[in-house]
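Undergrad: start_10.pdb (PDB, N, CA and C atoms) pasted underneath:
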MODEL        1
ATOM      1  N   MET O  10     -40.674  28.635  21.571
ATOM      2  CA  MET O  10     -39.416  28.218  21.022
ATOM      3  C   MET O  10     -39.670  27.129  19.974
ATOM      4  N   SER O  11     -39.079  27.257  18.809
ATOM      5  CA  SER O  11     -39.288  26.275  17.747
ATOM      6  C   SER O  11     -38.137  25.272  17.717
ATOM      7  N   LYS O  12     -38.454  24.068  17.303
ATOM      8  CA  LYS O  12     -37.440  23.024  17.213
ATOM      9  C   LYS O  12     -36.668  23.180  15.918
ATOM     10  N   LYS O  13     -35.391  22.978  15.989
ATOM     11  CA  LYS O  13     -34.568  23.017  14.781
ATOM     12  C   LYS O  13     -34.557  21.636  14.153
ATOM     13  N   LEU O  14     -34.674  21.641  12.863
ATOM     14  CA  LEU O  14     -34.641  20.382  12.130
ATOM     15  C   LEU O  14     -33.197  19.901  12.006
ATOM     16  N   ILE O  15     -32.956  18.702  12.435
ATOM     17  CA  ILE O  15     -31.613  18.143  12.324
ATOM     18  C   ILE O  15     -31.632  17.105  11.207
ATOM     19  N   ARG O  16     -30.805  17.332  10.222
ATOM     20  CA  ARG O  16     -30.706  16.380   9.111
ATOM     21  C   ARG O  16     -29.547  15.439   9.381
ATOM     22  N   ARG O  17     -29.845  14.186   9.482
ATOM     23  CA  ARG O  17     -28.795  13.195   9.698
ATOM     24  C   ARG O  17     -28.326  12.651   8.366
ATOM     25  N   THR O  18     -27.025  12.535   8.243
ATOM     26  CA  THR O  18     -26.478  11.941   7.029
ATOM     27  C   THR O  18     -26.381  10.443   7.229
ATOM     28  N   ARG O  19     -26.610   9.725   6.174
ATOM     29  CA  ARG O  19     -26.568   8.272   6.237
ATOM     30  C   ARG O  19     -25.120   7.803   6.296
ATOM     31  N   HIS O  20     -24.853   6.872   7.176
ATOM     32  CA  HIS O  20     -23.508   6.328   7.328
ATOM     33  C   HIS O  20     -23.180   5.427   6.137
ATOM     34  N   THR O  21     -22.049   5.688   5.492
ATOM     35  CA  THR O  21     -21.586   4.820   4.411
ATOM     36  C   THR O  21     -20.288   4.157   4.859
ATOM     37  N   PRO O  22     -20.276   2.830   4.918
ATOM     38  CA  PRO O  22     -19.077   2.128   5.361
ATOM     39  C   PRO O  22     -17.907   2.385   4.414
ATOM     40  N   GLN O  23     -16.741   2.598   4.968
ATOM     41  CA  GLN O  23     -15.533   2.848   4.193
ATOM     42  C   GLN O  23     -14.644   1.615   4.250
ATOM     43  N   ARG O  24     -14.004   1.276   3.141
ATOM     44  CA  ARG O  24     -13.079   0.151   3.083
ATOM     45  C   ARG O  24     -11.828   0.590   2.343
ATOM     46  N   THR O  25     -10.738  -0.134   2.557
ATOM     47  CA  THR O  25      -9.454   0.179   1.942
ATOM     48  C   THR O  25      -9.114  -0.869   0.899
ATOM     49  N   CYS O  26      -8.731  -0.424  -0.287
ATOM     50  CA  CYS O  26      -8.267  -1.322  -1.347
ATOM     51  C   CYS O  26      -6.901  -1.846  -0.922
ATOM     52  N   VAL O  27      -6.719  -3.180  -0.897
ATOM     53  CA  VAL O  27      -5.436  -3.737  -0.472
ATOM     54  C   VAL O  27      -4.359  -3.571  -1.537
ATOM     55  N   GLY O  28      -4.747  -3.226  -2.753
ATOM     56  CA  GLY O  28      -3.771  -3.020  -3.812
ATOM     57  C   GLY O  28      -3.122  -1.647  -3.765
ATOM     58  N   CYS O  29      -3.924  -0.590  -3.620
ATOM     59  CA  CYS O  29      -3.386   0.775  -3.662
ATOM     60  C   CYS O  29      -3.563   1.536  -2.350
ATOM     61  N   ARG O  30      -4.256   0.935  -1.373
ATOM     62  CA  ARG O  30      -4.472   1.517  -0.050
ATOM     63  C   ARG O  30      -5.369   2.749  -0.056
ATOM     64  N   GLU O  31      -6.163   2.943  -1.101
ATOM     65  CA  GLU O  31      -7.102   4.064  -1.164
ATOM     66  C   GLU O  31      -8.385   3.695  -0.423
ATOM     67  N   VAL O  32      -8.908   4.623   0.365
ATOM     68  CA  VAL O  32     -10.128   4.402   1.137
ATOM     69  C   VAL O  32     -11.317   4.944   0.347
ATOM     70  N   LEU O  33     -12.303   4.074   0.123
ATOM     71  CA  LEU O  33     -13.501   4.429  -0.642
ATOM     72  C   LEU O  33     -14.724   3.815   0.019
ATOM     73  N   PRO O  34     -15.926   4.246  -0.399
ATOM     74  CA  PRO O  34     -17.129   3.574   0.093
ATOM     75  C   PRO O  34     -17.130   2.098  -0.307
ATOM     76  N   LYS O  35     -17.646   1.281   0.557
ATOM     77  CA  LYS O  35     -17.648  -0.172   0.383
ATOM     78  C   LYS O  35     -18.232  -0.609  -0.957
ATOM     79  N   ARG O  36     -19.269   0.040  -1.414
ATOM     80  CA  ARG O  36     -19.962  -0.349  -2.651
ATOM     81  C   ARG O  36     -19.129  -0.111  -3.915
ATOM     82  N   GLN O  37     -18.080   0.690  -3.834
ATOM     83  CA  GLN O  37     -17.249   0.972  -5.003
ATOM     84  C   GLN O  37     -16.101  -0.021  -5.161
ATOM     85  N   LEU O  38     -15.972  -0.947  -4.224
ATOM     86  CA  LEU O  38     -14.884  -1.918  -4.259
ATOM     87  C   LEU O  38     -15.439  -3.330  -4.421
ATOM     88  N   ILE O  39     -14.584  -4.251  -4.831
ATOM     89  CA  ILE O  39     -14.963  -5.647  -5.011
ATOM     90  C   ILE O  39     -14.444  -6.431  -3.814
ATOM     91  N   ARG O  40     -15.309  -7.214  -3.212
ATOM     92  CA  ARG O  40     -14.928  -7.977  -2.018
ATOM     93  C   ARG O  40     -14.445  -9.364  -2.405
ATOM     94  N   ILE O  41     -13.313  -9.749  -1.841
ATOM     95  CA  ILE O  41     -12.775 -11.095  -1.973
ATOM     96  C   ILE O  41     -12.924 -11.732  -0.597
ATOM     97  N   VAL O  42     -13.454 -12.945  -0.542
ATOM     98  CA  VAL O  42     -13.731 -13.576   0.736
ATOM     99  C   VAL O  42     -12.997 -14.906   0.860
ATOM    100  N   ARG O  43     -12.466 -15.145   2.064
ATOM    101  CA  ARG O  43     -11.866 -16.438   2.378
ATOM    102  C   ARG O  43     -12.927 -17.260   3.087
ATOM    103  N   ALA O  44     -13.471 -18.222   2.365
ATOM    104  CA  ALA O  44     -14.455 -19.128   2.945
ATOM    105  C   ALA O  44     -13.711 -20.351   3.473
ATOM    106  N   ALA O  45     -14.439 -21.319   3.961
ATOM    107  CA  ALA O  45     -13.816 -22.499   4.562
ATOM    108  C   ALA O  45     -12.981 -23.286   3.551
ATOM    109  N   GLU O  46     -13.442 -23.363   2.313
ATOM    110  CA  GLU O  46     -12.757 -24.216   1.346
ATOM    111  C   GLU O  46     -11.911 -23.474   0.321
ATOM    112  N   SER O  47     -12.192 -22.208   0.060
ATOM    113  CA  SER O  47     -11.436 -21.506  -0.981
ATOM    114  C   SER O  47     -11.562 -19.995  -0.826
ATOM    115  N   VAL O  48     -10.865 -19.295  -1.706
ATOM    116  CA  VAL O  48     -10.938 -17.835  -1.783
ATOM    117  C   VAL O  48     -11.721 -17.504  -3.051
ATOM    118  N   THR O  49     -12.790 -16.719  -2.917
ATOM    119  CA  THR O  49     -13.643 -16.403  -4.062
ATOM    120  C   THR O  49     -14.023 -14.931  -4.073
ATOM    121  N   VAL O  50     -14.542 -14.492  -5.216
ATOM    122  CA  VAL O  50     -15.064 -13.138  -5.361
ATOM    123  C   VAL O  50     -16.488 -13.131  -4.823
ATOM    124  N   ASP O  51     -16.782 -12.177  -3.979
ATOM    125  CA  ASP O  51     -18.105 -12.055  -3.361
ATOM    126  C   ASP O  51     -18.852 -10.910  -4.031
ATOM    127  N   ALA O  52     -19.658 -11.235  -5.023
ATOM    128  CA  ALA O  52     -20.384 -10.213  -5.776
ATOM    129  C   ALA O  52     -21.440  -9.519  -4.919
ATOM    130  N   SER O  53     -22.062 -10.250  -4.003
ATOM    131  CA  SER O  53     -23.120  -9.658  -3.183
ATOM    132  C   SER O  53     -22.569  -8.867  -2.005
ATOM    133  N   GLY O  54     -21.345  -9.167  -1.578
ATOM    134  CA  GLY O  54     -20.759  -8.489  -0.432
ATOM    135  C   GLY O  54     -21.291  -8.985   0.892
ATOM    136  N   ARG O  55     -21.944 -10.151   0.895
ATOM    137  CA  ARG O  55     -22.583 -10.656   2.110
ATOM    138  C   ARG O  55     -22.168 -12.077   2.500
ATOM    139  N   LEU O  56     -21.252 -12.688   1.764
ATOM    140  CA  LEU O  56     -20.844 -14.040   2.115
ATOM    141  C   LEU O  56     -20.116 -14.057   3.450
ATOM    142  N   ALA O  57     -20.273 -15.159   4.168
ATOM    143  CA  ALA O  57     -19.596 -15.307   5.451
ATOM    144  C   ALA O  57     -18.121 -15.616   5.216
ATOM    145  N   GLY O  58     -17.276 -15.069   6.039
ATOM    146  CA  GLY O  58     -15.850 -15.318   5.941
ATOM    147  C   GLY O  58     -15.066 -14.030   6.009
ATOM    148  N   ARG O  59     -13.747 -14.164   6.113
ATOM    149  CA  ARG O  59     -12.878 -12.993   6.187
ATOM    150  C   ARG O  59     -12.783 -12.362   4.810
ATOM    151  N   GLY O  60     -12.937 -11.052   4.722
ATOM    152  CA  GLY O  60     -12.959 -10.374   3.438
ATOM    153  C   GLY O  60     -11.857  -9.343   3.282
ATOM    154  N   ALA O  61     -11.547  -9.055   2.028
ATOM    155  CA  ALA O  61     -10.616  -7.991   1.659
ATOM    156  C   ALA O  61     -11.200  -7.328   0.415
ATOM    157  N   TYR O  62     -10.801  -6.092   0.156
ATOM    158  CA  TYR O  62     -11.403  -5.318  -0.921
ATOM    159  C   TYR O  62     -10.360  -4.853  -1.922
ATOM    160  N   LEU O  63     -10.759  -4.833  -3.215
ATOM    161  CA  LEU O  63      -9.914  -4.369  -4.307
ATOM    162  C   LEU O  63     -10.733  -3.513  -5.262
ATOM    163  N   HIS O  64     -10.051  -2.570  -5.937
ATOM    164  CA  HIS O  64     -10.680  -1.796  -7.016
ATOM    165  C   HIS O  64     -10.979  -2.714  -8.192
ATOM    166  N   ASP O  65     -11.661  -2.191  -9.170
ATOM    167  CA  ASP O  65     -11.868  -2.934 -10.414
ATOM    168  C   ASP O  65     -10.821  -2.524 -11.447
ATOM    169  N   ARG O  66      -9.582  -2.366 -10.987
ATOM    170  CA  ARG O  66      -8.462  -2.012 -11.860
ATOM    171  C   ARG O  66      -7.430  -3.132 -11.820
ATOM    172  N   ARG O  67      -6.861  -3.430 -12.977
ATOM    173  CA  ARG O  67      -5.870  -4.506 -13.039
ATOM    174  C   ARG O  67      -4.647  -4.216 -12.182
ATOM    175  N   SER O  68      -4.220  -2.975 -12.124
ATOM    176  CA  SER O  68      -3.018  -2.655 -11.342
ATOM    177  C   SER O  68      -3.216  -3.010  -9.865
ATOM    178  N   CYS O  69      -4.391  -2.743  -9.325
ATOM    179  CA  CYS O  69      -4.668  -3.075  -7.929
ATOM    180  C   CYS O  69      -4.705  -4.592  -7.737
ATOM    181  N   TRP O  70      -5.301  -5.296  -8.686
ATOM    182  CA  TRP O  70      -5.386  -6.751  -8.583
ATOM    183  C   TRP O  70      -3.996  -7.385  -8.690
ATOM    184  N   GLU O  71      -3.154  -6.845  -9.572
ATOM    185  CA  GLU O  71      -1.812  -7.402  -9.714
ATOM    186  C   GLU O  71      -1.018  -7.221  -8.427
ATOM    187  N   ARG O  72      -1.114  -6.042  -7.823
ATOM    188  CA  ARG O  72      -0.427  -5.807  -6.546
ATOM    189  C   ARG O  72      -1.023  -6.681  -5.446
ATOM    190  N   GLY O  73      -2.320  -6.829  -5.466
ATOM    191  CA  GLY O  73      -2.970  -7.663  -4.456
ATOM    192  C   GLY O  73      -2.554  -9.118  -4.554
ATOM    193  N   LEU O  74      -2.456  -9.631  -5.771
ATOM    194  CA  LEU O  74      -2.074 -11.025  -5.960
ATOM    195  C   LEU O  74      -0.601 -11.275  -5.664
ATOM    196  N   GLN O  75       0.209 -10.223  -5.612
ATOM    197  CA  GLN O  75       1.623 -10.389  -5.271
ATOM    198  C   GLN O  75       1.816 -10.718  -3.791
ATOM    199  N   GLY O  76       0.815 -10.496  -2.985
ATOM    200  CA  GLY O  76       0.950 -10.845  -1.576
ATOM    201  C   GLY O  76       0.066 -10.073  -0.628
ATOM    202  N   ALA O  77      -0.369  -8.885  -1.023
ATOM    203  CA  ALA O  77      -1.183  -8.070  -0.122
ATOM    204  C   ALA O  77      -2.538  -8.721   0.159
ATOM    205  N   LEU O  78      -3.105  -9.379  -0.836
ATOM    206  CA  LEU O  78      -4.411 -10.018  -0.665
ATOM    207  C   LEU O  78      -4.307 -11.200   0.296
ATOM    208  N   ALA O  79      -3.290 -12.025   0.121
ATOM    209  CA  ALA O  79      -3.096 -13.166   1.017
ATOM    210  C   ALA O  79      -2.853 -12.696   2.444
ATOM    211  N   HIS O  80      -2.115 -11.616   2.597
ATOM    212  CA  HIS O  80      -1.853 -11.080   3.936
ATOM    213  C   HIS O  80      -3.140 -10.554   4.567
ATOM    214  N   ALA O  81      -3.959  -9.856   3.801
ATOM    215  CA  ALA O  81      -5.215  -9.306   4.329
ATOM    216  C   ALA O  81      -6.198 -10.419   4.692
ATOM    217  N   LEU O  82      -6.193 -11.502   3.920
ATOM    218  CA  LEU O  82      -7.092 -12.618   4.199
ATOM    219  C   LEU O  82      -6.524 -13.586   5.230
ATOM    220  N   LYS O  83      -5.272 -13.372   5.624
ATOM    221  CA  LYS O  83      -4.585 -14.232   6.599
ATOM    222  C   LYS O  83      -4.599 -15.689   6.150
ATOM    223  N   THR O  84      -4.211 -15.897   4.898
ATOM    224  CA  THR O  84      -4.144 -17.238   4.336
ATOM    225  C   THR O  84      -3.116 -17.257   3.223
ATOM    226  N   LYS O  85      -2.805 -18.437   2.733
ATOM    227  CA  LYS O  85      -1.927 -18.575   1.582
ATOM    228  C   LYS O  85      -2.810 -18.945   0.401
ATOM    229  N   LEU O  86      -2.680 -18.223  -0.713
ATOM    230  CA  LEU O  86      -3.492 -18.501  -1.893
ATOM    231  C   LEU O  86      -2.981 -19.770  -2.574
ATOM    232  N   THR O  87      -3.893 -20.705  -2.848
ATOM    233  CA  THR O  87      -3.522 -21.897  -3.587
ATOM    234  C   THR O  87      -3.441 -21.560  -5.065
ATOM    235  N   GLU O  88      -2.903 -22.466  -5.843
ATOM    236  CA  GLU O  88      -2.811 -22.243  -7.292
ATOM    237  C   GLU O  88      -4.202 -22.126  -7.914
ATOM    238  N   ASP O  89      -5.162 -22.915  -7.425
ATOM    239  CA  ASP O  89      -6.539 -22.838  -7.938
ATOM    240  C   ASP O  89      -7.160 -21.482  -7.616
ATOM    241  N   ASP O  90      -6.958 -21.008  -6.386
ATOM    242  CA  ASP O  90      -7.486 -19.696  -5.995
ATOM    243  C   ASP O  90      -6.874 -18.599  -6.845
ATOM    244  N   ARG O  91      -5.564 -18.654  -7.017
ATOM    245  CA  ARG O  91      -4.856 -17.639  -7.802
ATOM    246  C   ARG O  91      -5.341 -17.651  -9.255
ATOM    247  N   ALA O  92      -5.510 -18.842  -9.828
ATOM    248  CA  ALA O  92      -5.985 -18.944 -11.218
ATOM    249  C   ALA O  92      -7.400 -18.382 -11.354
ATOM    250  N   ARG O  93      -8.263 -18.681 -10.390
ATOM    251  CA  ARG O  93      -9.648 -18.187 -10.431
ATOM    252  C   ARG O  93      -9.679 -16.661 -10.333
ATOM    253  N   LEU O  94      -8.861 -16.104  -9.448
ATOM    254  CA  LEU O  94      -8.823 -14.649  -9.291
ATOM    255  C   LEU O  94      -8.199 -13.970 -10.511
ATOM    256  N   GLU O  95      -7.196 -14.592 -11.118
ATOM    257  CA  GLU O  95      -6.588 -14.020 -12.328
ATOM    258  C   GLU O  95      -7.570 -14.043 -13.497
ATOM    259  N   GLU O  96      -8.389 -15.088 -13.598
ATOM    260  CA  GLU O  96      -9.419 -15.138 -14.640
ATOM    261  C   GLU O  96     -10.422 -14.008 -14.449
ATOM    262  N   PHE O  97     -10.812 -13.758 -13.201
ATOM    263  CA  PHE O  97     -11.733 -12.664 -12.921
ATOM    264  C   PHE O  97     -11.088 -11.324 -13.244
ATOM    265  N   MET O  98      -9.796 -11.190 -12.949
ATOM    266  CA  MET O  98      -9.065  -9.952 -13.216
ATOM    267  C   MET O  98      -9.013  -9.658 -14.718
ATOM    268  N   LYS O  99      -8.953 -10.684 -15.547
ATOM    269  CA  LYS O  99      -8.859 -10.498 -16.995
ATOM    270  C   LYS O  99     -10.127  -9.897 -17.592
ATOM    271  N   THR O 100     -11.222  -9.872 -16.829
ATOM    272  CA  THR O 100     -12.453  -9.263 -17.336
ATOM    273  C   THR O 100     -12.405  -7.743 -17.274
ATOM    274  N   PHE O 101     -11.438  -7.184 -16.526
ATOM    275  CA  PHE O 101     -11.311  -5.733 -16.410
ATOM    276  C   PHE O 101     -10.562  -5.179 -17.616
ATOM    277  N   PRO O 102     -10.909  -3.961 -18.052
ATOM    278  CA  PRO O 102     -10.146  -3.346 -19.145
ATOM    279  C   PRO O 102      -8.739  -2.977 -18.658
ATOM    280  N   LEU O 103      -7.827  -2.856 -19.602
ATOM    281  CA  LEU O 103      -6.484  -2.437 -19.256
ATOM    282  C   LEU O 103      -6.532  -1.035 -18.660
ATOM    283  N   ASP O 104      -5.659  -0.756 -17.706
ATOM    284  CA  ASP O 104      -5.657   0.545 -17.044
ATOM    285  C   ASP O 104      -5.340   1.648 -18.033
ATOM    286  N   ALA O 105      -6.140   2.691 -18.011
ATOM    287  CA  ALA O 105      -5.901   3.849 -18.897
ATOM    288  C   ALA O 105      -4.707   4.643 -18.429
ATOM    289  N   GLU O 106      -4.425   4.566 -17.143
ATOM    290  CA  GLU O 106      -3.333   5.342 -16.570
ATOM    291  C   GLU O 106      -2.071   4.473 -16.425
ATOM    292  N   ALA O 107      -1.650   3.861 -17.527
ATOM    293  CA  ALA O 107      -0.532   2.923 -17.488
ATOM    294  C   ALA O 107       0.740   3.550 -16.927
ATOM    295  N   GLY O 108       1.032   4.795 -17.278
ATOM    296  CA  GLY O 108       2.240   5.427 -16.774
ATOM    297  C   GLY O 108       1.973   6.458 -15.710
ATOM    298  N   GLY O 109       0.722   6.591 -15.280
ATOM    299  CA  GLY O 109       0.355   7.627 -14.318
ATOM    300  C   GLY O 109       0.540   7.211 -12.887
ATOM    301  N   THR O 110      -0.048   7.976 -12.003
ATOM    302  CA  THR O 110       0.044   7.690 -10.576
ATOM    303  C   THR O 110      -1.055   6.752 -10.160
ATOM    304  N   THR O 111      -0.976   6.284  -8.965
ATOM    305  CA  THR O 111      -1.947   5.335  -8.451
ATOM    306  C   THR O 111      -3.241   5.988  -8.086
TER     307      THR O 111
ENDMDL
END
Using structure tokens, write down the structure from this file.

TA:
Amino acid sequence: MSKKLIRRTRHTPQRTCVGCREVLPKRQLIRIVRAAESVTVDASGRLAGRGAYLHDRRSCWERGLQGALAHALKTKLTEDDRARLEEFMKTFPLDAEAGGTT
């Protein structure tokens, strides 16, 4: 009797964008982390603290900054945090799908 080769697929963590609620692989989203002193963008995805994820689209960031991000992080965004996140958001190109669906 011969052994059958079993190919295992690698597990890819899935996360939900708090702006549009779309589920994607973790690496395709940007992590925002609530650390002890502030809320910052976590480029490495490894900082300690409570995290939330957003697409690299302005529409998702705008919806997230309206309240979904603060709710996901279980904190209230300060004016400094909001300004820092809005500056980061301005680095994204304008959405090509301005009148389209999410």

Undergrad: Segment 15-32 of chain O, all listed atoms, 8 Å padding on each side: what axis-aligned box centre and edge lengths in Å to one decimal come out, as lines of an AutoDock Vina configuration file?

TA:
center_x = -18.0
center_y = 7.5
center_z = 4.3
size_x = 45.8
size_y = 38.4
size_z = 32.2

Undergrad: Give me the result of the PyMOL selection byres ((chain O and resi 94-103) around 8) on this file, residue by residue, as JSON, numbers by chain.

TA: {"O": [48, 49, 50, 65, 66, 67, 68, 70, 71, 88, 89, 90, 91, 92, 93, 104, 105, 106, 107]}

Undergrad: Can you tell me how far atom C of Pro22 of chain O sits from atom N of Tyr62 of chain O, in Å to one decimal?

TA: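 For atom C of Pro22 of chain O relative to atom N of Tyr62 of chain O, the distance reads 11.9 Å.
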
Undergrad: I need every residue sitting at most 8 Å from the point (-13.8, -13.8, -2.9) (coordinates as in the file, only N, CA and C atoms considered), written as a PyMOL selection string.

TA: chain O and resi 39-44+47-52+59-61

Undergrad: Please write the residues picked by the PyMOL selection byres (((chain O and resi 23-32 and name CA) around 6) and name CA) on this file as number ranges by chain.

TA: O: 22, 33-35, 62-63, 69, 72-73

Undergrad: Looking only at the backbone, which of the residues in chain O does DSSP tag as strand (DSSP E), as an MDAnalysis selection string?

TA: chainID O and resid 23:25 32:34 39:43 48:51 59:63

Undergrad: With DSSP run on the backbone, what are the helix (DSSP H, G or I) residues within chain O? I'd like them as a ChimeraX atom specification.

TA: /O:35-37,67-82,88-98
